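J.: Here it is, the structure in full.
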Amino acid sequence: MTIRVNGTEVASPDDARVSLLDHLREGLHLTGTKVGCNQGACGACTVLLDGQRVLSCLTLAVQADGREVTTIEGLSEGDGLHPLQSAFIEHDGFQCGYCTPGQICAASAMLRELAEGVPSYVTADLAQEHVSVSREEIRERMSGNLCRCGAHNGIVDAIFQVATEKAA
């Protein structure tokens with residue numbers, strides 16, 4: 001069994017009980033994905049699984065068999081930063097930086113959801129094909145990712161900037 005992690009085929013762990021988080025950090029030494037609560041409540045461990053955000057602490061590594069996992073280390077293309085990474089820096093969307101990898105991975109998937117017209121709880125018109133980006137929409141969609149330092153305004157501003165640039 002193999003998993004594709006950041007574009008590279010890697011073996012699944014022999015033990016079916018190993019979480020994706022532990023496999024990434026301990027097995028593959030990709031330490032960008034953080035261990036927060038280890039209970040699925042904080043979002044620090046968020047990674048992308050086939051482009052959708054998942055909590056890697058609650059996902060077994062064997063569930064990723066034959067699928068594509070993208071971590072913060074694999075989000076950018078080439079040597080440059082991903083636009084979200086640049087925007088987080090520009091808008092001070094981090095303080096201690098612990099939640100930042102999970103925030104950025106979740107935001108990446110959230111932007112894809114917006115582009116695909118996936119509604120949220122605060123989406124005003126469920127019949128529209130395109131969901132308008134707003135700070136309220138971003139706050140709702142990012143509510144599963146906590147920042148204990150209080151950098152939420154910078155996080156929302158960073159995501160809003162990237163979302164509006166993509167929409168233009």
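Note on naming: chains are A, B, ... as they come in the structure tokens, residues start from 1 per chain, ligands start from 1 in the order shown.
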Listing only residues of region 81-167 of chain A within 6 Å of region 34-54 of chain A, what is the closest atom pair and its distance in Å (to one decimal) for each, using only C-alpha atoms, sorted by chain and residue number ascending, as a tab-separated table?
T.:
```
residue	atom	partner	partner_atom	distance
A:Cys99	CA	A:Ala44	CA	4.9
A:Gly102	CA	A:Thr46	CA	4.4
A:Cys105	CA	A:Val47	CA	5.7
A:Ala106	CA	A:Arg53	CA	5.7
A:Ala109	CA	A:Gln52	CA	5.6
A:Gly144	CA	A:Gly43	CA	5.9
A:Asn145	CA	A:Gly43	CA	4.3
A:Leu146	CA	A:Cys42	CA	5.2
```
J.: Deliver the residues from the most recent selection as a file, using N, CA and C atoms, as an mmCIF file, in the first residue's frame.
T.:
```cif
data_model
loop_
_atom_site.group_PDB
_atom_site.id
_atom_site.type_symbol
_atom_site.label_atom_id
_atom_site.label_comp_id
_atom_site.auth_asym_id
_atom_site.auth_seq_id
_atom_site.Cartn_x
_atom_site.Cartn_y
_atom_site.Cartn_z
ATOM 1 N N CYS A 99 -0.233 27.241 14.703
ATOM 2 C CA CYS A 99 -1.437 26.850 13.962
ATOM 3 C C CYS A 99 -1.329 27.162 12.476
ATOM 4 N N GLY A 102 -1.678 24.422 9.559
ATOM 5 C CA GLY A 102 -3.056 23.935 9.456
ATOM 6 C C GLY A 102 -3.998 24.991 8.928
ATOM 7 N N CYS A 105 -3.317 25.277 5.094
ATOM 8 C CA CYS A 105 -3.868 24.116 4.367
ATOM 9 C C CYS A 105 -5.390 24.192 4.321
ATOM 10 N N ALA A 106 -6.016 24.536 5.450
ATOM 11 C CA ALA A 106 -7.476 24.661 5.481
ATOM 12 C C ALA A 106 -7.937 25.781 4.556
ATOM 13 N N ALA A 109 -7.958 24.703 0.876
ATOM 14 C CA ALA A 109 -9.138 23.906 0.543
ATOM 15 C C ALA A 109 -10.398 24.759 0.536
ATOM 16 N N GLY A 144 -13.121 25.872 12.286
ATOM 17 C CA GLY A 144 -12.534 24.651 12.842
ATOM 18 C C GLY A 144 -11.042 24.748 13.094
ATOM 19 N N ASN A 145 -10.440 25.864 12.728
ATOM 20 C CA ASN A 145 -9.009 26.074 12.951
ATOM 21 C C ASN A 145 -8.836 27.190 13.963
ATOM 22 N N LEU A 146 -8.318 26.841 15.119
ATOM 23 C CA LEU A 146 -8.166 27.793 16.209
ATOM 24 C C LEU A 146 -6.773 28.406 16.223
#
```
J.: Where in chain A does DSSP assign alpha helix (DSSP H), given as an MDAnalysis selection string?
T.: chainID A and resid 20:22 83:90 100:115 135:141 152:167
J.: Would you pick out the contacts of Ile159 (chain A) at 8 Å or less, using only C-alpha atoms, so that residues sharing its chain but fewer than 5 positions from it are not included, and give the list as an MDAnalysis selection string?
T.: chainID A and resid 84 87:88 107 138
J.: Next, the residues of the selection above should be written as a PDB file, in the first residue's frame with N, CA and C atoms.
T.:
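Output contents, as saved in again_15.pdb:
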```pdb
ATOM      1  N   LEU A  84      -1.016  32.046  -0.293  1.00  0.00           N
ATOM      2  CA  LEU A  84      -1.519  32.144   1.083  1.00  0.00           C
ATOM      3  C   LEU A  84      -0.381  32.345   2.076  1.00  0.00           C
ATOM      4  N   ALA A  87       0.608  35.934   1.860  1.00  0.00           N
ATOM      5  CA  ALA A  87      -0.417  36.803   2.445  1.00  0.00           C
ATOM      6  C   ALA A  87      -0.421  36.705   3.969  1.00  0.00           C
ATOM      7  N   PHE A  88      -0.187  35.522   4.518  1.00  0.00           N
ATOM      8  CA  PHE A  88      -0.104  35.383   5.975  1.00  0.00           C
ATOM      9  C   PHE A  88       1.037  36.225   6.526  1.00  0.00           C
ATOM     10  N   ALA A 107      -7.233  26.896   4.558  1.00  0.00           N
ATOM     11  CA  ALA A 107      -7.602  28.022   3.701  1.00  0.00           C
ATOM     12  C   ALA A 107      -7.487  27.655   2.226  1.00  0.00           C
ATOM     13  N   ILE A 138     -15.485  33.635   5.295  1.00  0.00           N
ATOM     14  CA  ILE A 138     -14.177  33.095   5.666  1.00  0.00           C
ATOM     15  C   ILE A 138     -14.167  32.673   7.128  1.00  0.00           C
TER      16      ILE A 138
END
```
J.: Pick out the residues sitting within 12 Å of Pro83 (chain A), and hand them over as number ranges by chain; count only C-alpha atoms, and ignore anything fewer than 5 positions along from it in its own chain.
T.: A: 75-77, 88-90, 104-105, 107-108, 111, 158-166
J.: Kindly export the residues of the current selection with C-alpha atoms, as a tab-separated table (two decimals), in the first residue's frame.
T.:
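Wrote it out as out36.tsv, contents follow:
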```tsv
chain	number	residue	atom	x	y	z
A	75	LEU	CA	1.67	23.36	-0.85
A	76	SER	CA	3.88	25.73	-2.84
A	77	GLU	CA	5.15	25.00	-6.30
A	88	PHE	CA	-0.10	35.38	5.98
A	89	ILE	CA	3.28	37.09	6.25
A	90	GLU	CA	1.99	40.35	4.80
A	104	ILE	CA	-2.97	27.66	5.45
A	105	CYS	CA	-3.87	24.12	4.37
A	107	ALA	CA	-7.60	28.02	3.70
A	108	SER	CA	-6.31	26.44	0.50
A	111	LEU	CA	-10.70	28.69	-1.50
A	158	ALA	CA	-4.78	37.20	4.37
A	159	ILE	CA	-7.36	34.74	3.08
A	160	PHE	CA	-9.63	37.56	1.91
A	161	GLN	CA	-6.76	39.09	-0.07
A	162	VAL	CA	-5.95	35.82	-1.85
A	163	ALA	CA	-9.63	35.03	-2.46
A	164	THR	CA	-10.33	38.44	-4.00
A	165	GLU	CA	-7.17	38.26	-6.14
A	166	LYS	CA	-8.26	34.85	-7.47
```
J.: So that I can see what lies close to region 119-132 of chain A, please list as an MDAnalysis selection string the residues with an atom at most 9 Å from it, counting only C-alpha atoms and leaving out residues fewer than 6 positions away in the same chain.
T.: chainID A and resid 113 140:141
J.: Using C-alpha atoms, can you export the residues from the last selection as a PDB file, in the first residue's frame?
T.:
```pdb
ATOM      1  CA  GLU A 113     -14.733  25.154  -1.990  1.00  0.00           C
ATOM      2  CA  GLU A 140     -17.422  30.535   9.212  1.00  0.00           C
ATOM      3  CA  ARG A 141     -15.421  28.252   6.945  1.00  0.00           C
TER       4      ARG A 141
END
```
J.: With only C-alpha atoms as the counted atoms, please give the residues lying no more than 8 Å from Ala64 (chain A), apart from itself and same-chain residues fewer than 5 positions off, as a PyMOL selection string.
T.: chain A and resi 3+20+49+69
J.: Have a look at A:Gln85, A:Ser134, A:Thr71, A:Gln95 and name the one nearest to Leu114 (chain A); count only C-alpha atoms.
T.: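 Residue with the minimum atom-to-atom distance to Leu114 (chain A): A:Ser134.
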J.: Run DSSP on the backbone and give me the residues of chain A it puts in strand (DSSP E), as a PyMOL selection string.
T.: chain A and resi 2-5+8-11+46-49+52-55+68-70
J.: I need the chosen residues saved as a CSV table (one decimal), in the first residue's frame, with N, CA and C atoms.
T.:
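Generated output (selection26.csv):
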```csv
chain,number,residue,atom,x,y,z
A,2,THR,N,0.5,2.2,-0.8
A,2,THR,CA,1.3,3.4,-0.9
A,2,THR,C,0.4,4.7,-0.8
A,3,ILE,N,1.0,5.7,-0.3
A,3,ILE,CA,0.4,7.0,-0.3
A,3,ILE,C,1.2,8.0,-1.1
A,4,ARG,N,0.6,8.9,-1.7
A,4,ARG,CA,1.4,9.9,-2.4
A,4,ARG,C,1.4,11.2,-1.5
A,5,VAL,N,2.5,11.5,-1.0
A,5,VAL,CA,2.7,12.7,-0.1
A,5,VAL,C,3.5,13.7,-0.8
A,8,THR,N,5.2,12.6,-3.9
A,8,THR,CA,6.2,11.4,-3.8
A,8,THR,C,5.4,10.2,-3.2
A,9,GLU,N,5.6,9.1,-3.9
A,9,GLU,CA,5.0,7.8,-3.4
A,9,GLU,C,5.8,7.4,-2.1
A,10,VAL,N,5.1,7.1,-1.1
A,10,VAL,CA,5.6,6.6,0.2
A,10,VAL,C,4.8,5.4,0.6
A,11,ALA,N,5.5,4.5,1.4
A,11,ALA,CA,4.8,3.3,1.9
A,11,ALA,C,3.8,3.7,3.0
A,46,THR,N,-4.3,20.0,10.2
A,46,THR,CA,-5.0,20.0,9.0
A,46,THR,C,-4.1,19.8,7.8
A,47,VAL,N,-4.4,18.9,6.9
A,47,VAL,CA,-3.7,18.6,5.7
A,47,VAL,C,-4.7,18.4,4.6
A,48,LEU,N,-4.3,18.3,3.4
A,48,LEU,CA,-5.2,18.1,2.3
A,48,LEU,C,-5.1,16.6,1.8
A,49,LEU,N,-6.3,16.0,1.7
A,49,LEU,CA,-6.3,14.7,1.2
A,49,LEU,C,-7.2,14.7,-0.1
A,52,GLN,N,-9.0,18.0,-0.3
A,52,GLN,CA,-10.0,18.3,0.7
A,52,GLN,C,-9.3,18.3,2.1
A,53,ARG,N,-9.7,19.3,2.9
A,53,ARG,CA,-9.1,19.3,4.2
A,53,ARG,C,-9.5,18.2,5.1
A,54,VAL,N,-8.6,17.7,5.8
A,54,VAL,CA,-8.9,16.6,6.8
A,54,VAL,C,-8.0,16.9,8.1
A,55,LEU,N,-8.5,16.4,9.2
A,55,LEU,CA,-7.7,16.5,10.4
A,55,LEU,C,-6.9,15.2,10.4
A,68,GLU,N,-3.7,11.2,-2.6
A,68,GLU,CA,-2.7,12.3,-2.6
A,68,GLU,C,-2.9,13.1,-1.3
A,69,VAL,N,-1.8,13.2,-0.5
A,69,VAL,CA,-1.8,14.0,0.7
A,69,VAL,C,-0.9,15.2,0.4
A,70,THR,N,-1.4,16.4,0.8
A,70,THR,CA,-0.5,17.6,0.6
A,70,THR,C,-0.4,18.2,2.0
```
J.: Take CA of Ala151 (chain A) and CA of Val133 (chain A) and report the distance between them in Å, one decimal.
T.: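 Spanning CA of Ala151 (chain A) to CA of Val133 (chain A) is a straight-line distance of 19.8 Å.
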